[in-house]
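Raw contents of structure.cif, mmCIF, C-alpha atoms:
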data_start
loop_
_atom_site.group_PDB
_atom_site.id
_atom_site.type_symbol
_atom_site.label_atom_id
_atom_site.label_comp_id
_atom_site.auth_asym_id
_atom_site.auth_seq_id
_atom_site.Cartn_x
_atom_site.Cartn_y
_atom_site.Cartn_z
ATOM 1 C CA MET A 24 83.660 232.356 84.864
ATOM 2 C CA PRO A 25 85.071 231.018 88.143
ATOM 3 C CA PRO A 26 83.502 228.089 89.968
ATOM 4 C CA GLN A 27 81.134 228.866 92.825
ATOM 5 C CA LEU A 28 82.213 228.154 96.389
ATOM 6 C CA SER A 29 79.558 226.113 98.139
ATOM 7 C CA ALA A 30 79.414 226.556 101.924
ATOM 8 C CA PRO A 31 83.118 226.925 102.705
ATOM 9 C CA SER A 32 82.887 225.693 106.259
ATOM 10 C CA ALA A 33 86.549 224.766 106.449
ATOM 11 C CA PRO A 34 89.916 225.586 104.859
ATOM 12 C CA PRO A 35 89.892 222.364 102.759
ATOM 13 C CA ALA A 36 86.831 223.701 100.887
ATOM 14 C CA VAL A 37 88.632 226.998 100.283
ATOM 15 C CA GLN A 38 91.707 225.142 99.055
ATOM 16 C CA ALA A 39 89.600 223.060 96.671
ATOM 17 C CA TYR A 40 87.934 226.246 95.396
ATOM 18 C CA ALA A 41 91.303 227.923 94.828
ATOM 19 C CA PHE A 42 92.629 224.900 92.908
ATOM 20 C CA ALA A 43 89.447 224.818 90.805
ATOM 21 C CA CYS A 44 89.780 228.525 90.005
ATOM 22 C CA ILE A 45 93.437 228.137 89.040
ATOM 23 C CA GLN A 46 92.504 225.268 86.714
ATOM 24 C CA ALA A 47 89.530 227.168 85.240
ATOM 25 C CA ALA A 48 91.745 230.192 84.552
ATOM 26 C CA GLY A 49 94.177 228.001 82.621
ATOM 27 C CA LEU A 50 97.129 228.802 84.873
ATOM 28 C CA ALA A 51 99.238 225.729 84.167
ATOM 29 C CA GLY A 52 102.178 225.466 86.526
ATOM 30 C CA TRP A 53 100.605 227.649 89.229
ATOM 31 C CA ALA A 54 99.983 226.296 92.717
ATOM 32 C CA PHE A 55 98.023 227.256 95.814
ATOM 33 C CA GLY A 56 99.351 227.469 99.355
ATOM 34 C CA TRP A 57 98.783 228.885 102.816
ATOM 35 C CA ASP A 58 100.765 231.533 104.649
ATOM 36 C CA ARG A 59 100.713 233.045 108.138
ATOM 37 C CA ALA A 60 100.205 236.680 107.132
ATOM 38 C CA ILE A 61 98.230 238.897 109.458
ATOM 39 C CA ARG A 62 98.369 242.164 107.505
ATOM 40 C CA ARG A 63 97.142 240.959 104.123
ATOM 41 C CA LEU A 64 94.519 238.541 102.926
ATOM 42 C CA GLY A 65 96.219 236.952 99.933
ATOM 43 C CA CYS A 66 99.387 237.080 97.878
ATOM 44 C CA CYS A 67 100.442 236.255 94.335
ATOM 45 C CA ARG A 68 104.076 235.158 94.201
ATOM 46 C CA TYR A 69 105.103 235.574 90.591
ATOM 47 C CA ARG A 70 108.549 233.977 90.672
ATOM 48 C CA VAL A 71 107.427 230.723 92.256
ATOM 49 C CA ARG A 72 104.013 230.831 90.548
ATOM 50 C CA THR A 73 102.051 230.405 93.755
ATOM 51 C CA ILE A 74 98.900 232.014 95.096
ATOM 52 C CA THR A 75 98.644 232.016 98.877
ATOM 53 C CA LEU A 76 95.949 232.934 101.373
ATOM 54 C CA SER A 77 96.405 233.796 105.011
ATOM 55 C CA ARG A 78 95.402 231.008 107.390
ATOM 56 C CA HIS A 79 94.288 233.651 109.895
ATOM 57 C CA PHE A 80 92.107 235.350 107.291
ATOM 58 C CA VAL A 81 90.393 232.143 106.218
ATOM 59 C CA ALA A 82 89.836 231.031 109.823
ATOM 60 C CA ARG A 83 88.294 234.414 110.632
ATOM 61 C CA PHE A 84 86.022 234.823 107.577
ATOM 62 C CA CYS A 85 85.373 231.265 106.364
ATOM 63 C CA GLU A 86 81.817 230.987 107.655
ATOM 64 C CA GLU A 87 81.073 234.667 108.179
ATOM 65 C CA SER A 88 81.931 235.985 104.711
ATOM 66 C CA PRO A 89 82.681 233.358 102.056
ATOM 67 C CA GLN A 90 82.226 236.032 99.361
ATOM 68 C CA LEU A 91 85.254 237.902 100.720
ATOM 69 C CA ILE A 92 87.355 234.751 100.465
ATOM 70 C CA CYS A 93 86.155 234.060 96.911
ATOM 71 C CA ARG A 94 86.864 237.655 95.922
ATOM 72 C CA THR A 95 90.367 237.441 97.387
ATOM 73 C CA VAL A 96 91.139 234.233 95.477
ATOM 74 C CA LEU A 97 89.908 235.829 92.245
ATOM 75 C CA HIS A 98 91.879 239.008 92.989
ATOM 76 C CA GLU A 99 95.084 236.967 93.240
ATOM 77 C CA ILE A 100 94.220 234.953 90.128
ATOM 78 C CA ALA A 101 93.827 238.238 88.227
ATOM 79 C CA HIS A 102 97.385 239.086 89.322
ATOM 80 C CA ALA A 103 98.599 235.706 88.052
ATOM 81 C CA LEU A 104 96.855 236.165 84.700
ATOM 82 C CA ALA A 105 98.156 239.718 84.229
ATOM 83 C CA TYR A 106 101.678 238.540 84.989
ATOM 84 C CA THR A 107 101.510 235.376 82.876
ATOM 85 C CA HIS A 108 100.127 237.073 79.764
ATOM 86 C CA HIS A 109 101.479 240.634 80.033
ATOM 87 C CA GLN A 110 104.338 240.531 82.602
ATOM 88 C CA GLU A 111 102.378 243.144 84.558
ATOM 89 C CA THR A 112 102.718 243.265 88.321
ATOM 90 C CA GLY A 113 100.556 245.384 90.573
ATOM 91 C CA HIS A 114 97.095 246.791 89.958
ATOM 92 C CA GLY A 115 97.476 248.068 86.391
ATOM 93 C CA PRO A 116 95.055 248.110 83.448
ATOM 94 C CA HIS A 117 95.545 244.445 82.484
ATOM 95 C CA TRP A 118 94.885 243.403 86.077
ATOM 96 C CA ARG A 119 91.661 245.461 86.118
ATOM 97 C CA ASN A 120 90.563 243.863 82.832
ATOM 98 C CA TYR A 121 91.126 240.381 84.263
ATOM 99 C CA CYS A 122 89.174 241.346 87.392
ATOM 100 C CA THR A 123 86.243 242.311 85.159
ATOM 101 C CA CYS A 124 86.525 239.031 83.235
ATOM 102 C CA LEU A 125 86.529 237.072 86.496
ATOM 103 C CA GLY A 126 83.382 238.803 87.710
ATOM 104 C CA ILE A 127 84.901 241.160 90.281
ATOM 105 C CA ALA A 128 84.605 244.417 88.350
ATOM 106 C CA GLY A 129 85.523 247.497 90.346
ATOM 107 C CA GLU A 130 87.929 245.531 92.518
ATOM 108 C CA ASN A 131 90.051 247.770 94.724
ATOM 109 C CA ALA A 132 93.772 247.403 95.094
ATOM 110 C CA ARG A 133 93.378 246.719 98.802
ATOM 111 C CA CYS A 134 90.677 245.291 100.993
ATOM 112 C CA ASN A 135 90.689 246.969 104.377
ATOM 113 C CA CYS A 136 89.451 244.683 107.115
ATOM 114 C CA PRO A 137 90.150 246.467 110.413
ATOM 115 C CA ASP A 138 88.985 243.495 112.473
ATOM 116 C CA PHE A 139 91.147 241.046 110.539
ATOM 117 C CA ALA A 140 94.240 241.012 112.767
ATOM 118 C CA PRO A 141 94.191 238.300 115.433
ATOM 119 C CA GLN A 142 93.037 239.574 118.813
ATOM 120 C CA ASN A 143 95.812 237.891 120.803
ATOM 121 C CA ARG A 144 98.683 239.515 118.868
ATOM 122 C CA LYS A 145 101.129 241.268 121.158
ATOM 123 C CA ALA A 146 102.997 244.427 120.273
ATOM 124 C CA PRO A 147 106.696 243.800 119.631
ATOM 125 C CA THR A 148 109.088 244.344 122.522
ATOM 126 C CA TYR A 149 112.284 246.022 121.457
ATOM 127 C CA ARG A 150 115.348 245.118 123.513
ATOM 128 C CA TYR A 151 118.148 246.818 121.542
ATOM 129 C CA ALA A 152 118.632 250.077 119.707
ATOM 130 C CA LEU A 153 121.110 251.506 117.203
ATOM 131 C CA CYS A 154 122.081 254.906 118.630
ATOM 132 C CA HIS A 155 124.398 257.801 117.895
ATOM 133 C CA CYS A 156 127.317 257.752 120.368
ATOM 134 C CA GLU A 157 127.313 261.469 121.107
ATOM 135 C CA THR A 158 123.697 262.581 120.753
ATOM 136 C CA GLY A 159 121.935 259.392 121.857
ATOM 137 C CA GLU A 160 119.540 259.636 118.891
ATOM 138 C CA VAL A 161 117.886 256.273 118.199
ATOM 139 C CA PHE A 162 117.876 255.247 114.530
ATOM 140 C CA HIS A 163 116.592 251.667 114.677
ATOM 141 C CA ARG A 164 115.157 249.341 117.303
ATOM 142 C CA TYR A 165 115.564 245.552 117.363
ATOM 143 C CA GLN A 166 113.860 242.642 119.090
ATOM 144 C CA ARG A 167 117.089 240.609 118.994
ATOM 145 C CA ARG A 168 120.656 241.800 119.233
ATOM 146 C CA PRO A 169 121.808 242.635 115.704
ATOM 147 C CA ARG A 170 124.866 240.862 114.342
ATOM 148 C CA LEU A 171 127.117 243.878 114.075
ATOM 149 C CA SER A 172 130.757 243.494 115.064
ATOM 150 C CA ALA A 173 132.735 246.475 116.323
ATOM 151 C CA ARG A 174 134.548 246.582 112.986
ATOM 152 C CA LYS A 175 131.275 246.576 111.052
ATOM 153 C CA LEU A 176 129.816 249.306 113.276
ATOM 154 C CA LYS A 177 132.753 251.580 112.436
ATOM 155 C CA GLN A 178 131.814 251.259 108.748
ATOM 156 C CA THR A 179 128.054 251.633 109.286
ATOM 157 C CA TYR A 180 126.214 254.907 108.712
ATOM 158 C CA ILE A 181 122.676 256.167 108.229
ATOM 159 C CA ILE A 182 121.841 256.866 104.588
ATOM 160 C CA GLY A 183 121.562 260.573 103.971
ATOM 161 C CA ARG A 184 123.511 261.354 107.150
ATOM 162 C CA LYS A 185 126.862 259.738 106.408
ATOM 163 C CA ALA A 186 129.031 262.660 107.529
ATOM 164 C CA GLU A 187 127.551 262.772 111.009
ATOM 165 C CA THR A 188 126.949 259.041 111.614
ATOM 166 C CA LEU A 189 129.896 257.197 110.036
ATOM 167 C CA GLY A 190 131.761 255.510 112.870
ATOM 168 C CA MET A 191 129.483 257.112 115.475
ATOM 169 C CA LEU A 192 126.906 254.343 115.921
ATOM 170 C CA ARG A 193 126.573 251.803 118.703
ATOM 171 C CA VAL A 194 124.112 249.117 119.748
ATOM 172 C CA VAL A 195 122.716 249.536 123.262
ATOM 173 C CA ALA A 196 120.422 247.380 125.372
ATOM 174 C CA LEU A 197 117.161 249.105 126.222
ATOM 175 C CA ALA A 198 115.725 249.171 129.714
ATOM 176 C CA PRO A 199 112.593 246.983 130.060
ATOM 177 C CA GLU A 200 110.335 250.010 130.717
ATOM 178 C CA ALA A 201 111.645 251.796 127.590
ATOM 179 C CA THR A 202 110.446 249.033 125.268
#

For the structure just supplied, provide its representation as structure tokens.
Amino acid sequence: MPPQLSAPSAPPAVQAYAFACIQAAGLAGWAFGWDRAIRRLGCCRYRVRTITLSRHFVARFCEESPQLICRTVLHEIAHALAYTHHQETGHGPHWRNYCTCLGIAGENARCNCPDFAPQNRKAPTYRYALCHCETGEVFHRYQRRPRLSARKLKQTYIIGRKAETLGMLRVVALAPEAT
């Protein structure tokens, strides 16, 4: 059974809880870290054996909903256990069994928190576009000018539309009002 989180009033308490849970689960060689994600709460990185939580998420829910933080840590630990013992990634049967063992039976694959994203986040402004020379159709938009030389552009095409786009693409600067 995982340790209980007592009044997580700050990220250091959450970090201590995560380390304690990793130790209690017997995940030798696994570490805990922070990330700057704004679209997910936590992440289990199998290759580097690291469980991370979003700094934004913890700052937002630390005092308001410590149970959500604990559940997220345990969710990621279930991923680590399923991978370590069964080489299973994702939300398969072994992951669900570990969730039940950790006390979070019925855990969903995703936790939807609509008010999670930071309020001051601005929408991206696109300044460049990859267009078809003749039709003007926009295939991709970019915030920074892509590193495509003229030679590379002649060899570039859109997958599934090679016949009509090979050698017909160009990068154009967008007008400020079109972004």

Choose the residue, out of A:Gln110, A:Arg193, A:Thr158, A:Trp118, that has the smallest atom-to-atom separation from Lys175 (chain A); count all atoms listed in the file. A:Arg193

Would you write out, as number ranges by chain, every residue that the PyMOL selection byres ((chain A and resi 151-154) around 6) captures in this file? A: 149-150, 155, 159-165, 192-197

Quick one: residues within 9 Å of Gly65 (chain A), only C-alpha atoms, excluding same-chain residues fewer than 3 positions away - as a PyMOL selection string? chain A and resi 57-58+60+74-77+80+95-96+98-99

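Residues matched by the PyMOL selection byres ((chain A and resi 174) around 12) in this structure: Arg170, Leu171, Ser172, Ala173, Lys175, Leu176, Lys177, Gln178, Thr179, Leu189, Gly190, Met191, Leu192 and Arg193 of chain A.
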
Can those selected residues be exported to a file as a short mmCIF file (atom, residue, chain, number, x, y, z; two decimals), keeping the file's coordinate frame so that it contains C-alpha atoms?
data_model
loop_
_atom_site.label_atom_id
_atom_site.label_comp_id
_atom_site.auth_asym_id
_atom_site.auth_seq_id
_atom_site.Cartn_x
_atom_site.Cartn_y
_atom_site.Cartn_z
CA ARG A 170 124.87 240.86 114.34
CA LEU A 171 127.12 243.88 114.08
CA SER A 172 130.76 243.49 115.06
CA ALA A 173 132.74 246.48 116.32
CA LYS A 175 131.28 246.58 111.05
CA LEU A 176 129.82 249.31 113.28
CA LYS A 177 132.75 251.58 112.44
CA GLN A 178 131.81 251.26 108.75
CA THR A 179 128.05 251.63 109.29
CA LEU A 189 129.90 257.20 110.04
CA GLY A 190 131.76 255.51 112.87
CA MET A 191 129.48 257.11 115.48
CA LEU A 192 126.91 254.34 115.92
CA ARG A 193 126.57 251.80 118.70
#

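Computed from the coordinates, the CA of Leu104 (chain A) to CA of Leu50 (chain A) distance equals 7.4 Å.
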
Please write the residues picked by the PyMOL selection byres ((chain A and resi 71) around 12) on this file as a PDB file with C-alpha atoms, keeping the file's coordinate frame.
ATOM      1  CA  GLY A  52     102.178 225.466  86.526  1.00  0.00           C
ATOM      2  CA  TRP A  53     100.605 227.649  89.229  1.00  0.00           C
ATOM      3  CA  ALA A  54      99.983 226.296  92.717  1.00  0.00           C
ATOM      4  CA  PHE A  55      98.023 227.256  95.814  1.00  0.00           C
ATOM      5  CA  GLY A  56      99.351 227.469  99.355  1.00  0.00           C
ATOM      6  CA  CYS A  66      99.387 237.080  97.878  1.00  0.00           C
ATOM      7  CA  CYS A  67     100.442 236.255  94.335  1.00  0.00           C
ATOM      8  CA  ARG A  68     104.076 235.158  94.201  1.00  0.00           C
ATOM      9  CA  TYR A  69     105.103 235.574  90.591  1.00  0.00           C
ATOM     10  CA  ARG A  70     108.549 233.977  90.672  1.00  0.00           C
ATOM     11  CA  ARG A  72     104.013 230.831  90.548  1.00  0.00           C
ATOM     12  CA  THR A  73     102.051 230.405  93.755  1.00  0.00           C
ATOM     13  CA  ILE A  74      98.900 232.014  95.096  1.00  0.00           C
ATOM     14  CA  THR A  75      98.644 232.016  98.877  1.00  0.00           C
ATOM     15  CA  ALA A 103      98.599 235.706  88.052  1.00  0.00           C
TER      16      ALA A 103
END

Quick one: what's the axis-aligned box for region 35-40 of chain A, all listed atoms, 4 Å on every side, centre and edges in Å to one decimal, as AutoDock Vina command-line options?
--center_x 89.3 --center_y 224.7 --center_z 99.1 --size_x 12.9 --size_y 12.6 --size_z 15.4

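Interatomic distance, CA of Leu97 (chain A) to CA of Val81 (chain A): 14.5 Å.
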
Any idea what the distance is between CA of Ala146 (chain A) and CA of Arg83 (chain A)? 20.2 Å

What would the file be for region 86-114 of chain A if you keep N, CA, C and O atoms and write it as a PDB file, in the first residue's frame?
ATOM      1  N   GLU A  86      -2.890  22.354  -2.889  1.00  0.00           N
ATOM      2  CA  GLU A  86      -3.701  22.542  -1.688  1.00  0.00           C
ATOM      3  C   GLU A  86      -5.154  22.181  -1.924  1.00  0.00           C
ATOM      4  O   GLU A  86      -5.829  21.700  -1.032  1.00  0.00           O
ATOM      5  N   GLU A  87      -5.626  22.423  -3.136  1.00  0.00           N
ATOM      6  CA  GLU A  87      -7.041  22.228  -3.452  1.00  0.00           C
ATOM      7  C   GLU A  87      -7.442  20.755  -3.517  1.00  0.00           C
ATOM      8  O   GLU A  87      -8.512  20.373  -3.062  1.00  0.00           O
ATOM      9  N   SER A  88      -6.591  19.922  -4.111  1.00  0.00           N
ATOM     10  CA  SER A  88      -6.952  18.522  -4.320  1.00  0.00           C
ATOM     11  C   SER A  88      -5.727  17.609  -4.203  1.00  0.00           C
ATOM     12  O   SER A  88      -5.234  17.092  -5.204  1.00  0.00           O
ATOM     13  N   PRO A  89      -5.248  17.383  -2.987  1.00  0.00           N
ATOM     14  CA  PRO A  89      -4.072  16.520  -2.834  1.00  0.00           C
ATOM     15  C   PRO A  89      -4.349  15.082  -3.272  1.00  0.00           C
ATOM     16  O   PRO A  89      -3.446  14.374  -3.693  1.00  0.00           O
ATOM     17  N   GLN A  90      -5.633  14.657  -3.220  1.00  0.00           N
ATOM     18  CA  GLN A  90      -5.963  13.298  -3.650  1.00  0.00           C
ATOM     19  C   GLN A  90      -5.691  13.119  -5.141  1.00  0.00           C
ATOM     20  O   GLN A  90      -5.264  12.048  -5.576  1.00  0.00           O
ATOM     21  N   LEU A  91      -5.929  14.162  -5.934  1.00  0.00           N
ATOM     22  CA  LEU A  91      -5.672  14.081  -7.367  1.00  0.00           C
ATOM     23  C   LEU A  91      -4.179  13.923  -7.641  1.00  0.00           C
ATOM     24  O   LEU A  91      -3.771  13.160  -8.515  1.00  0.00           O
ATOM     25  N   ILE A  92      -3.367  14.604  -6.868  1.00  0.00           N
ATOM     26  CA  ILE A  92      -1.913  14.485  -7.020  1.00  0.00           C
ATOM     27  C   ILE A  92      -1.461  13.079  -6.628  1.00  0.00           C
ATOM     28  O   ILE A  92      -0.690  12.443  -7.350  1.00  0.00           O
ATOM     29  N   CYS A  93      -1.960  12.584  -5.500  1.00  0.00           N
ATOM     30  CA  CYS A  93      -1.595  11.232  -5.055  1.00  0.00           C
ATOM     31  C   CYS A  93      -2.007  10.205  -6.097  1.00  0.00           C
ATOM     32  O   CYS A  93      -1.237   9.293  -6.428  1.00  0.00           O
ATOM     33  N   ARG A  94      -3.203  10.356  -6.630  1.00  0.00           N
ATOM     34  CA  ARG A  94      -3.712   9.415  -7.628  1.00  0.00           C
ATOM     35  C   ARG A  94      -2.853   9.457  -8.892  1.00  0.00           C
ATOM     36  O   ARG A  94      -2.588   8.423  -9.506  1.00  0.00           O
ATOM     37  N   THR A  95      -2.406  10.645  -9.268  1.00  0.00           N
ATOM     38  CA  THR A  95      -1.559  10.765 -10.457  1.00  0.00           C
ATOM     39  C   THR A  95      -0.213  10.089 -10.234  1.00  0.00           C
ATOM     40  O   THR A  95       0.287   9.377 -11.116  1.00  0.00           O
ATOM     41  N   VAL A  96       0.383  10.280  -9.077  1.00  0.00           N
ATOM     42  CA  VAL A  96       1.659   9.620  -8.763  1.00  0.00           C
ATOM     43  C   VAL A  96       1.488   8.107  -8.827  1.00  0.00           C
ATOM     44  O   VAL A  96       2.292   7.396  -9.448  1.00  0.00           O
ATOM     45  N   LEU A  97       0.412   7.592  -8.226  1.00  0.00           N
ATOM     46  CA  LEU A  97       0.176   6.154  -8.227  1.00  0.00           C
ATOM     47  C   LEU A  97      -0.124   5.634  -9.631  1.00  0.00           C
ATOM     48  O   LEU A  97       0.287   4.528  -9.992  1.00  0.00           O
ATOM     49  N   HIS A  98      -0.818   6.424 -10.424  1.00  0.00           N
ATOM     50  CA  HIS A  98      -1.098   6.074 -11.821  1.00  0.00           C
ATOM     51  C   HIS A  98       0.220   5.860 -12.576  1.00  0.00           C
ATOM     52  O   HIS A  98       0.380   4.869 -13.291  1.00  0.00           O
ATOM     53  N   GLU A  99       1.155   6.782 -12.399  1.00  0.00           N
ATOM     54  CA  GLU A  99       2.441   6.675 -13.093  1.00  0.00           C
ATOM     55  C   GLU A  99       3.286   5.528 -12.529  1.00  0.00           C
ATOM     56  O   GLU A  99       4.009   4.865 -13.275  1.00  0.00           O
ATOM     57  N   ILE A 100       3.177   5.273 -11.244  1.00  0.00           N
ATOM     58  CA  ILE A 100       3.905   4.144 -10.656  1.00  0.00           C
ATOM     59  C   ILE A 100       3.356   2.828 -11.200  1.00  0.00           C
ATOM     60  O   ILE A 100       4.115   1.884 -11.449  1.00  0.00           O
ATOM     61  N   ALA A 101       2.054   2.749 -11.429  1.00  0.00           N
ATOM     62  CA  ALA A 101       1.466   1.552 -12.030  1.00  0.00           C
ATOM     63  C   ALA A 101       2.049   1.329 -13.429  1.00  0.00           C
ATOM     64  O   ALA A 101       2.314   0.188 -13.824  1.00  0.00           O
ATOM     65  N   HIS A 102       2.253   2.422 -14.180  1.00  0.00           N
ATOM     66  CA  HIS A 102       2.908   2.294 -15.486  1.00  0.00           C
ATOM     67  C   HIS A 102       4.321   1.724 -15.326  1.00  0.00           C
ATOM     68  O   HIS A 102       4.730   0.833 -16.076  1.00  0.00           O
ATOM     69  N   ALA A 103       5.061   2.249 -14.355  1.00  0.00           N
ATOM     70  CA  ALA A 103       6.437   1.797 -14.139  1.00  0.00           C
ATOM     71  C   ALA A 103       6.471   0.315 -13.754  1.00  0.00           C
ATOM     72  O   ALA A 103       7.317  -0.441 -14.245  1.00  0.00           O
ATOM     73  N   LEU A 104       5.552  -0.103 -12.900  1.00  0.00           N
ATOM     74  CA  LEU A 104       5.508  -1.507 -12.491  1.00  0.00           C
ATOM     75  C   LEU A 104       5.136  -2.422 -13.656  1.00  0.00           C
ATOM     76  O   LEU A 104       5.744  -3.474 -13.851  1.00  0.00           O
ATOM     77  N   ALA A 105       4.140  -2.017 -14.438  1.00  0.00           N
ATOM     78  CA  ALA A 105       3.717  -2.831 -15.586  1.00  0.00           C
ATOM     79  C   ALA A 105       4.853  -2.961 -16.597  1.00  0.00           C
ATOM     80  O   ALA A 105       5.042  -4.024 -17.193  1.00  0.00           O
ATOM     81  N   TYR A 106       5.610  -1.888 -16.767  1.00  0.00           N
ATOM     82  CA  TYR A 106       6.722  -1.946 -17.718  1.00  0.00           C
ATOM     83  C   TYR A 106       7.878  -2.781 -17.160  1.00  0.00           C
ATOM     84  O   TYR A 106       8.455  -3.615 -17.864  1.00  0.00           O
ATOM     85  N   THR A 107       8.207  -2.562 -15.902  1.00  0.00           N
ATOM     86  CA  THR A 107       9.343  -3.264 -15.289  1.00  0.00           C
ATOM     87  C   THR A 107       9.121  -4.771 -15.251  1.00  0.00           C
ATOM     88  O   THR A 107      10.028  -5.541 -15.556  1.00  0.00           O
ATOM     89  N   HIS A 108       7.918  -5.204 -14.900  1.00  0.00           N
ATOM     90  CA  HIS A 108       7.668  -6.633 -14.718  1.00  0.00           C
ATOM     91  C   HIS A 108       7.107  -7.344 -15.955  1.00  0.00           C
ATOM     92  O   HIS A 108       7.237  -8.562 -16.067  1.00  0.00           O
ATOM     93  N   HIS A 109       6.453  -6.594 -16.848  1.00  0.00           N
ATOM     94  CA  HIS A 109       5.787  -7.240 -17.986  1.00  0.00           C
ATOM     95  C   HIS A 109       6.099  -6.590 -19.329  1.00  0.00           C
ATOM     96  O   HIS A 109       5.520  -6.974 -20.338  1.00  0.00           O
ATOM     97  N   GLN A 110       6.946  -5.569 -19.364  1.00  0.00           N
ATOM     98  CA  GLN A 110       7.275  -4.820 -20.576  1.00  0.00           C
ATOM     99  C   GLN A 110       6.006  -4.303 -21.265  1.00  0.00           C
ATOM    100  O   GLN A 110       5.938  -4.201 -22.472  1.00  0.00           O
ATOM    101  N   GLU A 111       5.008  -3.967 -20.462  1.00  0.00           N
ATOM    102  CA  GLU A 111       3.747  -3.452 -20.997  1.00  0.00           C
ATOM    103  C   GLU A 111       3.723  -1.936 -20.879  1.00  0.00           C
ATOM    104  O   GLU A 111       3.962  -1.389 -19.811  1.00  0.00           O
ATOM    105  N   THR A 112       3.471  -1.277 -21.997  1.00  0.00           N
ATOM    106  CA  THR A 112       3.282   0.167 -21.986  1.00  0.00           C
ATOM    107  C   THR A 112       1.800   0.441 -22.210  1.00  0.00           C
ATOM    108  O   THR A 112       1.077  -0.390 -22.752  1.00  0.00           O
ATOM    109  N   GLY A 113       1.358   1.591 -21.803  1.00  0.00           N
ATOM    110  CA  GLY A 113      -0.046   1.945 -22.000  1.00  0.00           C
ATOM    111  C   GLY A 113      -0.915   1.482 -20.845  1.00  0.00           C
ATOM    112  O   GLY A 113      -0.447   1.181 -19.753  1.00  0.00           O
ATOM    113  N   HIS A 114      -2.218   1.422 -21.113  1.00  0.00           N
ATOM    114  CA  HIS A 114      -3.210   1.145 -20.080  1.00  0.00           C
ATOM    115  C   HIS A 114      -3.815  -0.248 -20.266  1.00  0.00           C
ATOM    116  O   HIS A 114      -5.027  -0.405 -20.345  1.00  0.00           O
TER     117      HIS A 114
END
